>>> print(open('protein-v6.csv').read())   # CSV, N, CA and C atoms
chain,number,residue,atom,x,y,z
X,80,MET,N,-2.1,-33.8,12.1
X,80,MET,CA,-2.1,-32.3,12.2
X,80,MET,C,-2.5,-31.8,10.8
X,81,THR,N,-3.4,-30.9,10.7
X,81,THR,CA,-3.9,-30.3,9.5
X,81,THR,C,-3.0,-29.2,9.0
X,82,GLU,N,-2.7,-29.3,7.7
X,82,GLU,CA,-1.9,-28.2,7.1
X,82,GLU,C,-2.8,-27.2,6.4
X,83,TYR,N,-2.5,-26.0,6.6
X,83,TYR,CA,-3.3,-24.9,6.0
X,83,TYR,C,-2.4,-24.1,5.1
X,84,PRO,N,-3.0,-23.5,4.0
X,84,PRO,CA,-2.3,-22.6,3.2
X,84,PRO,C,-1.8,-21.4,4.1
X,85,GLN,N,-0.6,-20.9,3.8
X,85,GLN,CA,0.0,-19.8,4.5
X,85,GLN,C,0.0,-18.6,3.5
X,86,LEU,N,-0.3,-17.4,4.1
X,86,LEU,CA,-0.3,-16.2,3.3
X,86,LEU,C,1.2,-15.9,2.9
X,87,LEU,N,1.5,-15.7,1.7
X,87,LEU,CA,2.9,-15.4,1.3
X,87,LEU,C,3.0,-13.9,1.2
X,88,HIS,N,2.1,-13.2,0.5
X,88,HIS,CA,2.2,-11.7,0.4
X,88,HIS,C,0.9,-11.3,-0.2
X,89,THR,N,0.6,-10.0,-0.2
X,89,THR,CA,-0.6,-9.4,-0.8
X,89,THR,C,-0.1,-8.8,-2.1
X,90,VAL,N,-0.8,-9.0,-3.2
X,90,VAL,CA,-0.4,-8.5,-4.5
X,90,VAL,C,-1.3,-7.4,-5.0
X,91,PHE,N,-0.7,-6.3,-5.4
X,91,PHE,CA,-1.5,-5.2,-5.9
X,91,PHE,C,-1.4,-5.2,-7.4
X,92,ASP,N,-2.5,-5.1,-8.1
X,92,ASP,CA,-2.4,-4.8,-9.6
X,92,ASP,C,-2.1,-3.3,-9.8
X,93,THR,N,-1.4,-3.0,-10.8
X,93,THR,CA,-1.0,-1.6,-11.1
X,93,THR,C,-0.5,-1.5,-12.5
X,94,THR,N,-0.7,-0.3,-13.1
X,94,THR,CA,-0.2,-0.1,-14.4
X,94,THR,C,1.3,0.3,-14.3
X,95,ARG,N,1.8,0.7,-13.1
X,95,ARG,CA,3.1,1.2,-12.9
X,95,ARG,C,3.8,0.5,-11.7
X,96,PRO,N,4.2,-0.8,-11.8
X,96,PRO,CA,4.7,-1.6,-10.7
X,96,PRO,C,5.9,-0.9,-9.9
X,97,ARG,N,6.8,-0.3,-10.6
X,97,ARG,CA,8.0,0.3,-9.9
X,97,ARG,C,7.5,1.5,-9.0
X,98,GLU,N,6.7,2.3,-9.6
X,98,GLU,CA,6.2,3.5,-8.9
X,98,GLU,C,5.4,3.1,-7.7
X,99,LEU,N,4.5,2.1,-7.8
X,99,LEU,CA,3.7,1.8,-6.6
X,99,LEU,C,4.6,1.0,-5.6
X,100,ALA,N,5.5,0.2,-6.1
X,100,ALA,CA,6.4,-0.6,-5.1
X,100,ALA,C,7.2,0.4,-4.4
X,101,GLU,N,7.7,1.4,-5.0
X,101,GLU,CA,8.6,2.4,-4.4
X,101,GLU,C,7.8,3.2,-3.4
X,102,PHE,N,6.5,3.5,-3.7
X,102,PHE,CA,5.6,4.2,-2.7
X,102,PHE,C,5.5,3.4,-1.4
X,103,TYR,N,5.2,2.1,-1.5
X,103,TYR,CA,5.0,1.3,-0.3
X,103,TYR,C,6.3,1.0,0.3
X,104,ARG,N,7.4,0.9,-0.4
X,104,ARG,CA,8.7,0.7,0.2
X,104,ARG,C,9.1,1.8,1.1
X,105,GLN,N,8.9,3.0,0.6
X,105,GLN,CA,9.2,4.2,1.5
X,105,GLN,C,8.2,4.3,2.6
X,106,LEU,N,6.9,4.2,2.3
X,106,LEU,CA,5.8,4.3,3.4
X,106,LEU,C,6.1,3.4,4.5
X,107,LEU,N,6.4,2.1,4.2
X,107,LEU,CA,6.4,1.0,5.2
X,107,LEU,C,7.9,0.6,5.7
X,108,GLY,N,8.9,1.2,5.1
X,108,GLY,CA,10.3,0.9,5.4
X,108,GLY,C,10.7,-0.5,5.0
X,109,LEU,N,10.1,-1.0,3.9
X,109,LEU,CA,10.5,-2.3,3.4
X,109,LEU,C,11.6,-2.2,2.4
X,110,SER,N,12.1,-3.4,1.9
X,110,SER,CA,13.2,-3.5,0.9
X,110,SER,C,12.7,-4.3,-0.2
X,111,TYR,N,13.4,-4.2,-1.3
X,111,TYR,CA,13.1,-5.0,-2.5
X,111,TYR,C,13.7,-6.4,-2.2
X,112,ARG,N,13.0,-7.4,-2.7
X,112,ARG,CA,13.6,-8.8,-2.8
X,112,ARG,C,14.8,-8.7,-3.6
X,113,PRO,N,15.9,-9.5,-3.3
X,113,PRO,CA,17.0,-9.5,-4.1
X,113,PRO,C,16.7,-9.8,-5.6
X,114,GLY,N,17.2,-8.9,-6.4
X,114,GLY,CA,16.9,-9.1,-7.9
X,114,GLY,C,15.8,-8.1,-8.3
X,115,ASP,N,15.1,-7.6,-7.4
X,115,ASP,CA,14.0,-6.7,-7.8
X,115,ASP,C,14.3,-5.2,-7.6
X,116,GLU,N,15.5,-4.9,-7.2
X,116,GLU,CA,16.0,-3.5,-7.0
X,116,GLU,C,15.8,-2.7,-8.3
X,117,PRO,N,15.7,-1.4,-8.2
X,117,PRO,CA,15.6,-0.6,-9.4
X,117,PRO,C,16.9,-0.7,-10.3
X,118,PRO,N,16.8,-0.6,-11.6
X,118,PRO,CA,18.0,-0.7,-12.4
X,118,PRO,C,18.9,0.5,-12.1
X,119,VAL,N,20.1,0.3,-12.4
X,119,VAL,CA,21.1,1.3,-12.2
X,119,VAL,C,21.6,1.9,-13.5
X,120,ASP,N,22.3,3.0,-13.4
X,120,ASP,CA,22.9,3.7,-14.6
X,120,ASP,C,21.9,4.0,-15.7
X,121,GLY,N,20.6,4.3,-15.3
X,121,GLY,CA,19.6,4.8,-16.3
X,121,GLY,C,19.1,3.6,-17.2
X,122,ALA,N,19.4,2.4,-16.9
X,122,ALA,CA,18.9,1.3,-17.7
X,122,ALA,C,17.3,1.3,-17.6
X,123,PRO,N,16.7,0.9,-18.7
X,123,PRO,CA,15.2,0.8,-18.7
X,123,PRO,C,14.7,-0.1,-17.6
X,124,ASP,N,13.5,0.2,-17.0
X,124,ASP,CA,12.9,-0.6,-16.0
X,124,ASP,C,11.7,-1.3,-16.7
X,125,ASP,N,11.8,-2.5,-17.0
X,125,ASP,CA,10.7,-3.2,-17.7
X,125,ASP,C,10.0,-4.2,-16.7
X,126,SER,N,10.2,-4.0,-15.4
X,126,SER,CA,9.6,-4.9,-14.4
X,126,SER,C,8.1,-5.0,-14.4
X,127,ASP,N,7.6,-6.2,-14.5
X,127,ASP,CA,6.2,-6.4,-14.5
X,127,ASP,C,5.7,-7.1,-13.2
X,128,TRP,N,6.7,-7.4,-12.3
X,128,TRP,CA,6.4,-8.1,-11.1
X,128,TRP,C,7.5,-7.8,-10.1
X,129,LEU,N,7.1,-7.2,-8.9
X,129,LEU,CA,8.1,-6.8,-7.9
X,129,LEU,C,7.6,-7.3,-6.6
X,130,VAL,N,8.6,-7.6,-5.7
X,130,VAL,CA,8.2,-8.0,-4.3
X,130,VAL,C,9.0,-7.2,-3.3
X,131,LEU,N,8.3,-6.8,-2.2
X,131,LEU,CA,8.9,-6.1,-1.1
X,131,LEU,C,8.9,-7.1,0.1
X,132,VAL,N,10.0,-7.0,0.8
X,132,VAL,CA,10.2,-7.8,2.0
X,132,VAL,C,10.6,-7.0,3.2
X,133,ASN,N,10.4,-7.6,4.4
X,133,ASN,CA,10.7,-6.8,5.6
X,133,ASN,C,12.2,-7.1,5.9
X,134,SER,N,12.7,-6.6,7.1
X,134,SER,CA,14.1,-6.7,7.4
X,134,SER,C,14.6,-8.1,7.6
X,135,ASP,N,13.7,-9.1,7.8
X,135,ASP,CA,14.0,-10.5,7.9
X,135,ASP,C,13.9,-11.2,6.6
X,136,GLY,N,13.6,-10.5,5.5
X,136,GLY,CA,13.5,-11.1,4.2
X,136,GLY,C,12.1,-11.8,4.0
X,137,VAL,N,11.2,-11.5,4.9
X,137,VAL,CA,9.8,-12.1,4.7
X,137,VAL,C,9.0,-11.3,3.7
X,138,ARG,N,8.4,-11.9,2.7
X,138,ARG,CA,7.6,-11.3,1.7
X,138,ARG,C,6.4,-10.6,2.4
X,139,LYS,N,6.2,-9.3,2.0
X,139,LYS,CA,5.0,-8.6,2.5
X,139,LYS,C,4.1,-8.2,1.4
X,140,LEU,N,4.6,-7.5,0.4
X,140,LEU,CA,3.8,-7.0,-0.7
X,140,LEU,C,4.4,-7.3,-2.1
X,141,ALA,N,3.5,-7.5,-3.1
X,141,ALA,CA,4.0,-7.7,-4.4
X,141,ALA,C,3.2,-6.8,-5.4
X,142,PHE,N,3.7,-6.5,-6.5
X,142,PHE,CA,3.1,-5.6,-7.5
X,142,PHE,C,3.2,-6.2,-8.9
X,143,GLN,N,2.0,-6.3,-9.5
X,143,GLN,CA,1.8,-7.0,-10.8
X,143,GLN,C,1.3,-6.0,-11.8
X,144,GLN,N,2.0,-5.9,-12.9
X,144,GLN,CA,1.6,-5.0,-14.0
X,144,GLN,C,0.4,-5.5,-14.7
X,145,VAL,N,-0.6,-4.6,-14.9
X,145,VAL,CA,-1.8,-4.9,-15.7
X,145,VAL,C,-1.9,-3.8,-16.7
X,146,PRO,N,-2.5,-4.1,-17.9
X,146,PRO,CA,-2.6,-3.0,-18.9
X,146,PRO,C,-3.5,-1.9,-18.6
X,147,HIS,N,-4.6,-2.1,-17.7
X,147,HIS,CA,-5.5,-1.1,-17.4
X,147,HIS,C,-6.1,-1.3,-16.0
X,148,LEU,N,-6.3,-0.3,-15.2
X,148,LEU,CA,-6.8,-0.4,-13.9
X,148,LEU,C,-7.8,0.7,-13.6
X,149,SER,N,-9.0,0.3,-13.4
X,149,SER,CA,-10.1,1.3,-13.1
X,149,SER,C,-10.0,1.7,-11.6
X,150,ARG,N,-9.8,3.0,-11.4
X,150,ARG,CA,-9.7,3.4,-10.0
X,150,ARG,C,-11.0,3.3,-9.3
X,151,THR,N,-11.0,2.8,-8.0
X,151,THR,CA,-12.2,2.7,-7.3
X,151,THR,C,-12.9,4.1,-7.1
X,152,THR,N,-14.2,4.0,-7.1
X,152,THR,CA,-14.9,5.3,-6.8
X,152,THR,C,-15.5,5.3,-5.4
X,153,TRP,N,-15.0,4.4,-4.6
X,153,TRP,CA,-15.4,4.4,-3.2
X,153,TRP,C,-15.3,5.7,-2.5
X,154,PRO,N,-16.3,6.2,-1.8
X,154,PRO,CA,-17.4,5.4,-1.2
X,154,PRO,C,-18.6,5.3,-2.1
X,155,GLU,N,-18.6,5.8,-3.4
X,155,GLU,CA,-19.6,5.5,-4.3
X,155,GLU,C,-19.5,4.0,-4.8
X,156,ASP,N,-20.5,3.4,-5.3
X,156,ASP,CA,-20.5,2.0,-5.7
X,156,ASP,C,-20.2,1.7,-7.2
X,157,ASP,N,-19.9,2.7,-8.0
X,157,ASP,CA,-19.7,2.5,-9.4
X,157,ASP,C,-18.6,1.5,-9.7
X,158,VAL,N,-17.4,1.8,-9.1
X,158,VAL,CA,-16.3,0.8,-9.1
X,158,VAL,C,-15.9,0.5,-7.7
X,159,PRO,N,-16.3,-0.8,-7.3
X,159,PRO,CA,-16.1,-1.1,-5.9
X,159,PRO,C,-14.6,-1.2,-5.5
X,160,MET,N,-14.4,-1.1,-4.1
X,160,MET,CA,-13.0,-1.1,-3.6
X,160,MET,C,-12.4,-2.5,-3.8
X,161,GLN,N,-13.0,-3.6,-3.6
X,161,GLN,CA,-12.5,-4.9,-3.8
X,161,GLN,C,-11.5,-5.4,-2.7
X,162,LEU,N,-10.6,-4.5,-2.3
X,162,LEU,CA,-9.6,-4.8,-1.4
X,162,LEU,C,-9.0,-3.5,-0.8
X,163,HIS,N,-8.7,-3.5,0.5
X,163,HIS,CA,-7.9,-2.4,1.0
X,163,HIS,C,-7.0,-3.0,2.1
X,164,VAL,N,-6.0,-2.2,2.4
X,164,VAL,CA,-5.0,-2.7,3.4
X,164,VAL,C,-5.1,-1.7,4.6
X,165,ASP,N,-5.0,-2.3,5.8
X,165,ASP,CA,-5.0,-1.4,7.0
X,165,ASP,C,-3.6,-1.4,7.7
X,166,PHE,N,-3.2,-0.3,8.1
X,166,PHE,CA,-2.0,-0.1,8.9
X,166,PHE,C,-2.3,0.6,10.2
X,167,THR,N,-1.6,0.3,11.2
X,167,THR,CA,-1.8,1.0,12.5
X,167,THR,C,-0.6,1.8,13.0
X,168,VAL,N,-0.9,2.8,13.8
X,168,VAL,CA,0.1,3.6,14.5
X,168,VAL,C,-0.3,3.6,16.0
X,169,SER,N,0.6,4.1,16.8
X,169,SER,CA,0.4,4.0,18.3
X,169,SER,C,-0.4,5.2,18.8
X,170,ASN,N,-0.4,6.4,18.2
X,170,ASN,CA,-1.1,7.5,18.8
X,170,ASN,C,-1.5,8.5,17.7
X,171,ARG,N,-2.3,9.5,18.1
X,171,ARG,CA,-2.8,10.6,17.2
X,171,ARG,C,-1.6,11.4,16.5
X,172,ALA,N,-0.6,11.7,17.3
X,172,ALA,CA,0.5,12.5,16.8
X,172,ALA,C,1.2,11.7,15.6
X,173,GLU,N,1.4,10.4,15.8
X,173,GLU,CA,2.0,9.5,14.8
X,173,GLU,C,1.0,9.4,13.6
X,174,LEU,N,-0.3,9.4,13.9
X,174,LEU,CA,-1.2,9.3,12.8
X,174,LEU,C,-1.1,10.5,11.9
X,175,HIS,N,-1.0,11.7,12.5
X,175,HIS,CA,-0.8,12.9,11.7
X,175,HIS,C,0.5,13.0,10.9
X,176,ARG,N,1.6,12.5,11.6
X,176,ARG,CA,2.9,12.4,11.0
X,176,ARG,C,2.8,11.5,9.8
X,177,GLN,N,2.2,10.4,9.9
X,177,GLN,CA,2.1,9.4,8.8
X,177,GLN,C,1.2,10.0,7.7
X,178,ARG,N,0.2,10.8,8.0
X,178,ARG,CA,-0.5,11.4,6.9
X,178,ARG,C,0.4,12.3,6.1
X,179,GLU,N,1.2,13.1,6.7
X,179,GLU,CA,2.1,14.0,6.0
X,179,GLU,C,3.1,13.1,5.1
X,180,ARG,N,3.6,12.1,5.7
X,180,ARG,CA,4.5,11.2,4.9
X,180,ARG,C,3.8,10.6,3.7
X,181,ALA,N,2.6,10.0,3.9
X,181,ALA,CA,1.9,9.4,2.8
X,181,ALA,C,1.6,10.4,1.7
X,182,GLU,N,1.1,11.6,2.1
X,182,GLU,CA,0.8,12.6,1.1
X,182,GLU,C,2.1,13.1,0.4
X,183,ALA,N,3.2,13.2,1.1
X,183,ALA,CA,4.5,13.6,0.4
X,183,ALA,C,4.9,12.5,-0.6
X,184,LEU,N,4.5,11.2,-0.3
X,184,LEU,CA,4.9,10.2,-1.2
X,184,LEU,C,3.9,10.1,-2.4
X,185,GLY,N,2.8,10.8,-2.4
X,185,GLY,CA,1.8,10.8,-3.5
X,185,GLY,C,0.5,10.3,-3.2
X,186,ALA,N,0.2,9.9,-1.9
X,186,ALA,CA,-1.1,9.4,-1.5
X,186,ALA,C,-2.1,10.5,-1.5
X,187,GLU,N,-3.3,10.2,-1.6
X,187,GLU,CA,-4.4,11.2,-1.5
X,187,GLU,C,-5.3,10.8,-0.4
X,188,VAL,N,-5.7,11.8,0.5
X,188,VAL,CA,-6.6,11.5,1.5
X,188,VAL,C,-8.0,11.4,0.9
X,189,VAL,N,-8.7,10.3,1.1
X,189,VAL,CA,-10.0,10.1,0.6
X,189,VAL,C,-11.1,10.4,1.7
X,190,LEU,N,-10.7,10.0,2.9
X,190,LEU,CA,-11.6,10.2,4.1
X,190,LEU,C,-10.8,10.5,5.3
X,191,ASP,N,-11.3,11.5,6.1
X,191,ASP,CA,-10.6,11.9,7.3
X,191,ASP,C,-11.6,11.6,8.5
X,192,LEU,N,-11.3,10.6,9.2
X,192,LEU,CA,-12.1,10.3,10.4
X,192,LEU,C,-11.3,10.4,11.7
X,193,THR,N,-10.5,11.4,11.7
X,193,THR,CA,-9.6,11.6,12.9
X,193,THR,C,-10.4,12.1,14.1
X,194,ASP,N,-11.6,12.5,13.9
X,194,ASP,CA,-12.5,13.0,15.0
X,194,ASP,C,-13.1,11.8,15.8
X,195,ASP,N,-13.0,10.6,15.2
X,195,ASP,CA,-13.6,9.4,15.9
X,195,ASP,C,-12.8,9.2,17.2
X,196,PRO,N,-13.5,9.2,18.4
X,196,PRO,CA,-12.8,9.1,19.7
X,196,PRO,C,-12.3,7.7,19.9
X,197,ASP,N,-12.9,6.6,19.3
X,197,ASP,CA,-12.4,5.3,19.5
X,197,ASP,C,-11.4,4.8,18.5
X,198,GLU,N,-11.4,5.2,17.3
X,198,GLU,CA,-10.5,4.7,16.3
X,198,GLU,C,-10.3,5.8,15.2
X,199,PRO,N,-9.5,6.8,15.6
X,199,PRO,CA,-9.2,7.9,14.6
X,199,PRO,C,-8.4,7.3,13.4
X,200,LEU,N,-8.8,7.7,12.2
X,200,LEU,CA,-8.2,7.1,11.0
X,200,LEU,C,-8.3,8.0,9.8
X,201,TYR,N,-7.4,7.7,8.8
X,201,TYR,CA,-7.4,8.3,7.5
X,201,TYR,C,-7.6,7.2,6.5
X,202,VAL,N,-8.4,7.4,5.5
X,202,VAL,CA,-8.4,6.5,4.3
X,202,VAL,C,-7.7,7.2,3.2
X,203,PHE,N,-6.8,6.6,2.6
X,203,PHE,CA,-6.0,7.1,1.5
X,203,PHE,C,-6.2,6.4,0.2
X,204,ALA,N,-5.9,7.0,-0.9
X,204,ALA,CA,-5.7,6.2,-2.2
X,204,ALA,C,-4.2,6.3,-2.5
X,205,ASP,N,-3.7,5.1,-2.8
X,205,ASP,CA,-2.2,5.1,-3.2
X,205,ASP,C,-2.1,5.6,-4.7
X,206,LEU,N,-0.9,5.5,-5.3
X,206,LEU,CA,-0.7,6.0,-6.6
X,206,LEU,C,-1.5,5.4,-7.7
X,207,SER,N,-2.0,4.1,-7.5
X,207,SER,CA,-2.8,3.4,-8.4
X,207,SER,C,-4.3,3.5,-8.1
X,208,GLY,N,-4.6,4.2,-7.0
X,208,GLY,CA,-6.0,4.4,-6.6
X,208,GLY,C,-6.4,3.3,-5.6
X,209,HIS,N,-5.6,2.4,-5.1
X,209,HIS,CA,-6.0,1.4,-4.1
X,209,HIS,C,-6.1,2.1,-2.8
X,210,PRO,N,-7.3,1.9,-2.1
X,210,PRO,CA,-7.5,2.5,-0.8
X,210,PRO,C,-6.6,1.7,0.3
X,211,PHE,N,-6.2,2.5,1.2
X,211,PHE,CA,-5.6,1.9,2.4
X,211,PHE,C,-5.9,2.9,3.6
X,212,CYS,N,-5.9,2.3,4.8
X,212,CYS,CA,-6.2,3.0,6.0
X,212,CYS,C,-5.0,3.1,6.9
X,213,ILE,N,-4.8,4.2,7.6
X,213,ILE,CA,-3.9,4.3,8.7
X,213,ILE,C,-4.7,4.7,9.9
X,214,PHE,N,-4.7,4.0,11.0
X,214,PHE,CA,-5.5,4.3,12.1
X,214,PHE,C,-4.7,4.1,13.4
X,215,VAL,N,-5.2,4.7,14.5
X,215,VAL,CA,-4.7,4.5,15.8
X,215,VAL,C,-5.3,3.2,16.4
X,216,ALA,N,-4.4,2.3,16.8
X,216,ALA,CA,-4.9,1.0,17.4
X,216,ALA,C,-4.4,0.9,18.8
>>> encode(input="protein-v6.csv", output="structure tokens")
Amino acid sequence: MTEYPQLLHTVFDTTRPRELAEFYRQLLGLSYRPGDEPPVDGAPDDSDWLVLVNSDGVRKLAFQQVPHLSRTTWPEDDVPMQLHVDFTVSNRAELHRQRERAEALGAEVVLDLTDDPDEPLYVFADLSGHPFCIFVA
């Protein structure tokens, strides 16, 4: 039997790991890995690596601090996208509800393709400028 590498999680580079982790934690209903929770009592947060897990404790996303991050200029080619994440919802009403949630958390709508009859979607930029899509599947 052949053994293959298994995906552990997807890692986002960011200049602000806690802020971006918190954005995705709230957007996706994830939790921090034990030990990665925000500091309490106003203690400084010097986290340079954070991991989010699902309700079963399975790693989903990680956030790595970098000193500088050039925001993608997509759909222009000056600074390519390099990676994006897709999320799905069950219907158009939920798609619009999730747009409101994402924007309330600080995401920016980059492209609105909700008129597409086969696959309505929004392309967003997260707090660090990483693109992600939410679409009806």
>>> residues_around(input="protein-v6.csv", residues="Ser207 (chain X)", least_positions_apart="4", cutoff="12 Å", atoms="only C-alpha atoms", output="PDB file with N, CA and C atoms, in the frame of the given file")
ATOM      1  N   PHE X  91      -0.700  -6.300  -5.400  1.00  0.00           N
ATOM      2  CA  PHE X  91      -1.500  -5.200  -5.900  1.00  0.00           C
ATOM      3  C   PHE X  91      -1.400  -5.200  -7.400  1.00  0.00           C
ATOM      4  N   ASP X  92      -2.500  -5.100  -8.100  1.00  0.00           N
ATOM      5  CA  ASP X  92      -2.400  -4.800  -9.600  1.00  0.00           C
ATOM      6  C   ASP X  92      -2.100  -3.300  -9.800  1.00  0.00           C
ATOM      7  N   THR X  93      -1.400  -3.000 -10.800  1.00  0.00           N
ATOM      8  CA  THR X  93      -1.000  -1.600 -11.100  1.00  0.00           C
ATOM      9  C   THR X  93      -0.500  -1.500 -12.500  1.00  0.00           C
ATOM     10  N   THR X  94      -0.700  -0.300 -13.100  1.00  0.00           N
ATOM     11  CA  THR X  94      -0.200  -0.100 -14.400  1.00  0.00           C
ATOM     12  C   THR X  94       1.300   0.300 -14.300  1.00  0.00           C
ATOM     13  N   ARG X  95       1.800   0.700 -13.100  1.00  0.00           N
ATOM     14  CA  ARG X  95       3.100   1.200 -12.900  1.00  0.00           C
ATOM     15  C   ARG X  95       3.800   0.500 -11.700  1.00  0.00           C
ATOM     16  N   PRO X  96       4.200  -0.800 -11.800  1.00  0.00           N
ATOM     17  CA  PRO X  96       4.700  -1.600 -10.700  1.00  0.00           C
ATOM     18  C   PRO X  96       5.900  -0.900  -9.900  1.00  0.00           C
ATOM     19  N   ARG X  97       6.800  -0.300 -10.600  1.00  0.00           N
ATOM     20  CA  ARG X  97       8.000   0.300  -9.900  1.00  0.00           C
ATOM     21  C   ARG X  97       7.500   1.500  -9.000  1.00  0.00           C
ATOM     22  N   GLU X  98       6.700   2.300  -9.600  1.00  0.00           N
ATOM     23  CA  GLU X  98       6.200   3.500  -8.900  1.00  0.00           C
ATOM     24  C   GLU X  98       5.400   3.100  -7.700  1.00  0.00           C
ATOM     25  N   LEU X  99       4.500   2.100  -7.800  1.00  0.00           N
ATOM     26  CA  LEU X  99       3.700   1.800  -6.600  1.00  0.00           C
ATOM     27  C   LEU X  99       4.600   1.000  -5.600  1.00  0.00           C
ATOM     28  N   ALA X 100       5.500   0.200  -6.100  1.00  0.00           N
ATOM     29  CA  ALA X 100       6.400  -0.600  -5.100  1.00  0.00           C
ATOM     30  C   ALA X 100       7.200   0.400  -4.400  1.00  0.00           C
ATOM     31  N   PHE X 102       6.500   3.500  -3.700  1.00  0.00           N
ATOM     32  CA  PHE X 102       5.600   4.200  -2.700  1.00  0.00           C
ATOM     33  C   PHE X 102       5.500   3.400  -1.400  1.00  0.00           C
ATOM     34  N   TYR X 103       5.200   2.100  -1.500  1.00  0.00           N
ATOM     35  CA  TYR X 103       5.000   1.300  -0.300  1.00  0.00           C
ATOM     36  C   TYR X 103       6.300   1.000   0.300  1.00  0.00           C
ATOM     37  N   PHE X 142       3.700  -6.500  -6.500  1.00  0.00           N
ATOM     38  CA  PHE X 142       3.100  -5.600  -7.500  1.00  0.00           C
ATOM     39  C   PHE X 142       3.200  -6.200  -8.900  1.00  0.00           C
ATOM     40  N   GLN X 143       2.000  -6.300  -9.500  1.00  0.00           N
ATOM     41  CA  GLN X 143       1.800  -7.000 -10.800  1.00  0.00           C
ATOM     42  C   GLN X 143       1.300  -6.000 -11.800  1.00  0.00           C
ATOM     43  N   GLN X 144       2.000  -5.900 -12.900  1.00  0.00           N
ATOM     44  CA  GLN X 144       1.600  -5.000 -14.000  1.00  0.00           C
ATOM     45  C   GLN X 144       0.400  -5.500 -14.700  1.00  0.00           C
ATOM     46  N   VAL X 145      -0.600  -4.600 -14.900  1.00  0.00           N
ATOM     47  CA  VAL X 145      -1.800  -4.900 -15.700  1.00  0.00           C
ATOM     48  C   VAL X 145      -1.900  -3.800 -16.700  1.00  0.00           C
ATOM     49  N   HIS X 147      -4.600  -2.100 -17.700  1.00  0.00           N
ATOM     50  CA  HIS X 147      -5.500  -1.100 -17.400  1.00  0.00           C
ATOM     51  C   HIS X 147      -6.100  -1.300 -16.000  1.00  0.00           C
ATOM     52  N   LEU X 148      -6.300  -0.300 -15.200  1.00  0.00           N
ATOM     53  CA  LEU X 148      -6.800  -0.400 -13.900  1.00  0.00           C
ATOM     54  C   LEU X 148      -7.800   0.700 -13.600  1.00  0.00           C
ATOM     55  N   SER X 149      -9.000   0.300 -13.400  1.00  0.00           N
ATOM     56  CA  SER X 149     -10.100   1.300 -13.100  1.00  0.00           C
ATOM     57  C   SER X 149     -10.000   1.700 -11.600  1.00  0.00           C
ATOM     58  N   ARG X 150      -9.800   3.000 -11.400  1.00  0.00           N
ATOM     59  CA  ARG X 150      -9.700   3.400 -10.000  1.00  0.00           C
ATOM     60  C   ARG X 150     -11.000   3.300  -9.300  1.00  0.00           C
ATOM     61  N   THR X 151     -11.000   2.800  -8.000  1.00  0.00           N
ATOM     62  CA  THR X 151     -12.200   2.700  -7.300  1.00  0.00           C
ATOM     63  C   THR X 151     -12.900   4.100  -7.100  1.00  0.00           C
ATOM     64  N   GLY X 185       2.800  10.800  -2.400  1.00  0.00           N
ATOM     65  CA  GLY X 185       1.800  10.800  -3.500  1.00  0.00           C
ATOM     66  C   GLY X 185       0.500  10.300  -3.200  1.00  0.00           C
ATOM     67  N   ALA X 186       0.200   9.900  -1.900  1.00  0.00           N
ATOM     68  CA  ALA X 186      -1.100   9.400  -1.500  1.00  0.00           C
ATOM     69  C   ALA X 186      -2.100  10.500  -1.500  1.00  0.00           C
ATOM     70  N   GLU X 187      -3.300  10.200  -1.600  1.00  0.00           N
ATOM     71  CA  GLU X 187      -4.400  11.200  -1.500  1.00  0.00           C
ATOM     72  C   GLU X 187      -5.300  10.800  -0.400  1.00  0.00           C
ATOM     73  N   PHE X 203      -6.800   6.600   2.600  1.00  0.00           N
ATOM     74  CA  PHE X 203      -6.000   7.100   1.500  1.00  0.00           C
ATOM     75  C   PHE X 203      -6.200   6.400   0.200  1.00  0.00           C
ATOM     76  N   PHE X 211      -6.200   2.500   1.200  1.00  0.00           N
ATOM     77  CA  PHE X 211      -5.600   1.900   2.400  1.00  0.00           C
ATOM     78  C   PHE X 211      -5.900   2.900   3.600  1.00  0.00           C
TER      79      PHE X 211
END
>>> closest_residue(input="protein-v6.csv", among="X:Trp153, X:Tyr83, X:Phe214, X:Tyr111", to="Leu174 (chain X)", atoms="all atoms listed in the file")
X:Phe214
>>> select_by_dssp(input="protein-v6.csv", residues="chain X", states="helix (DSSP H, G or I)", output="JSON, numbers by chain")
{"X": [96, 97, 98, 99, 100, 101, 102, 103, 104, 105, 106, 107, 171, 172, 173, 174, 175, 176, 177, 178, 179, 180, 181, 182, 183]}
>>> residues_around(input="protein-v6.csv", residues="Arg112 (chain X)", least_positions_apart="3", cutoff="7 Å", atoms="all atoms listed in the file", output="ChimeraX atom specification")
/X:115-116,129-132
>>> closest_residue(input="protein-v6.csv", among="X:Leu140, X:Cys212, X:Val90, X:Leu190", to="Val164 (chain X)", atoms="all atoms listed in the file")
X:Cys212
>>> atom_distance(input="protein-v6.csv", atom1="CA of Asp195 (chain X)", atom2="CA of Asp157 (chain X)")
26.9 Å
>>> closest_residue(input="protein-v6.csv", among="X:Gly208, X:Val215, X:Arg104, X:Met80", to="Arg171 (chain X)", atoms="all atoms listed in the file")
X:Val215
>>> atom_distance(input="protein-v6.csv", atom1="CA of Pro84 (chain X)", atom2="CA of Trp128 (chain X)")
22.1 Å
>>> atom_distance(input="protein-v6.csv", atom1="atom C of Asp197 (chain X)", atom2="CA of Phe166 (chain X)")
14.3 Å
>>> select_by_dssp(input="protein-v6.csv", residues="region 83-207 of chain X", states="strand (DSSP E)", output="NGL selection string")
:X and (89-93 or 110-111 or 128-132 or 138-144 or 164-168 or 187-192 or 200-204)
>>> residues_around(input="protein-v6.csv", residues="Asn133 (chain X)", least_positions_apart="3", cutoff="6.5 Å", atoms="all atoms listed in the file", output="PyMOL selection string")
chain X and resi 108-110+136-139
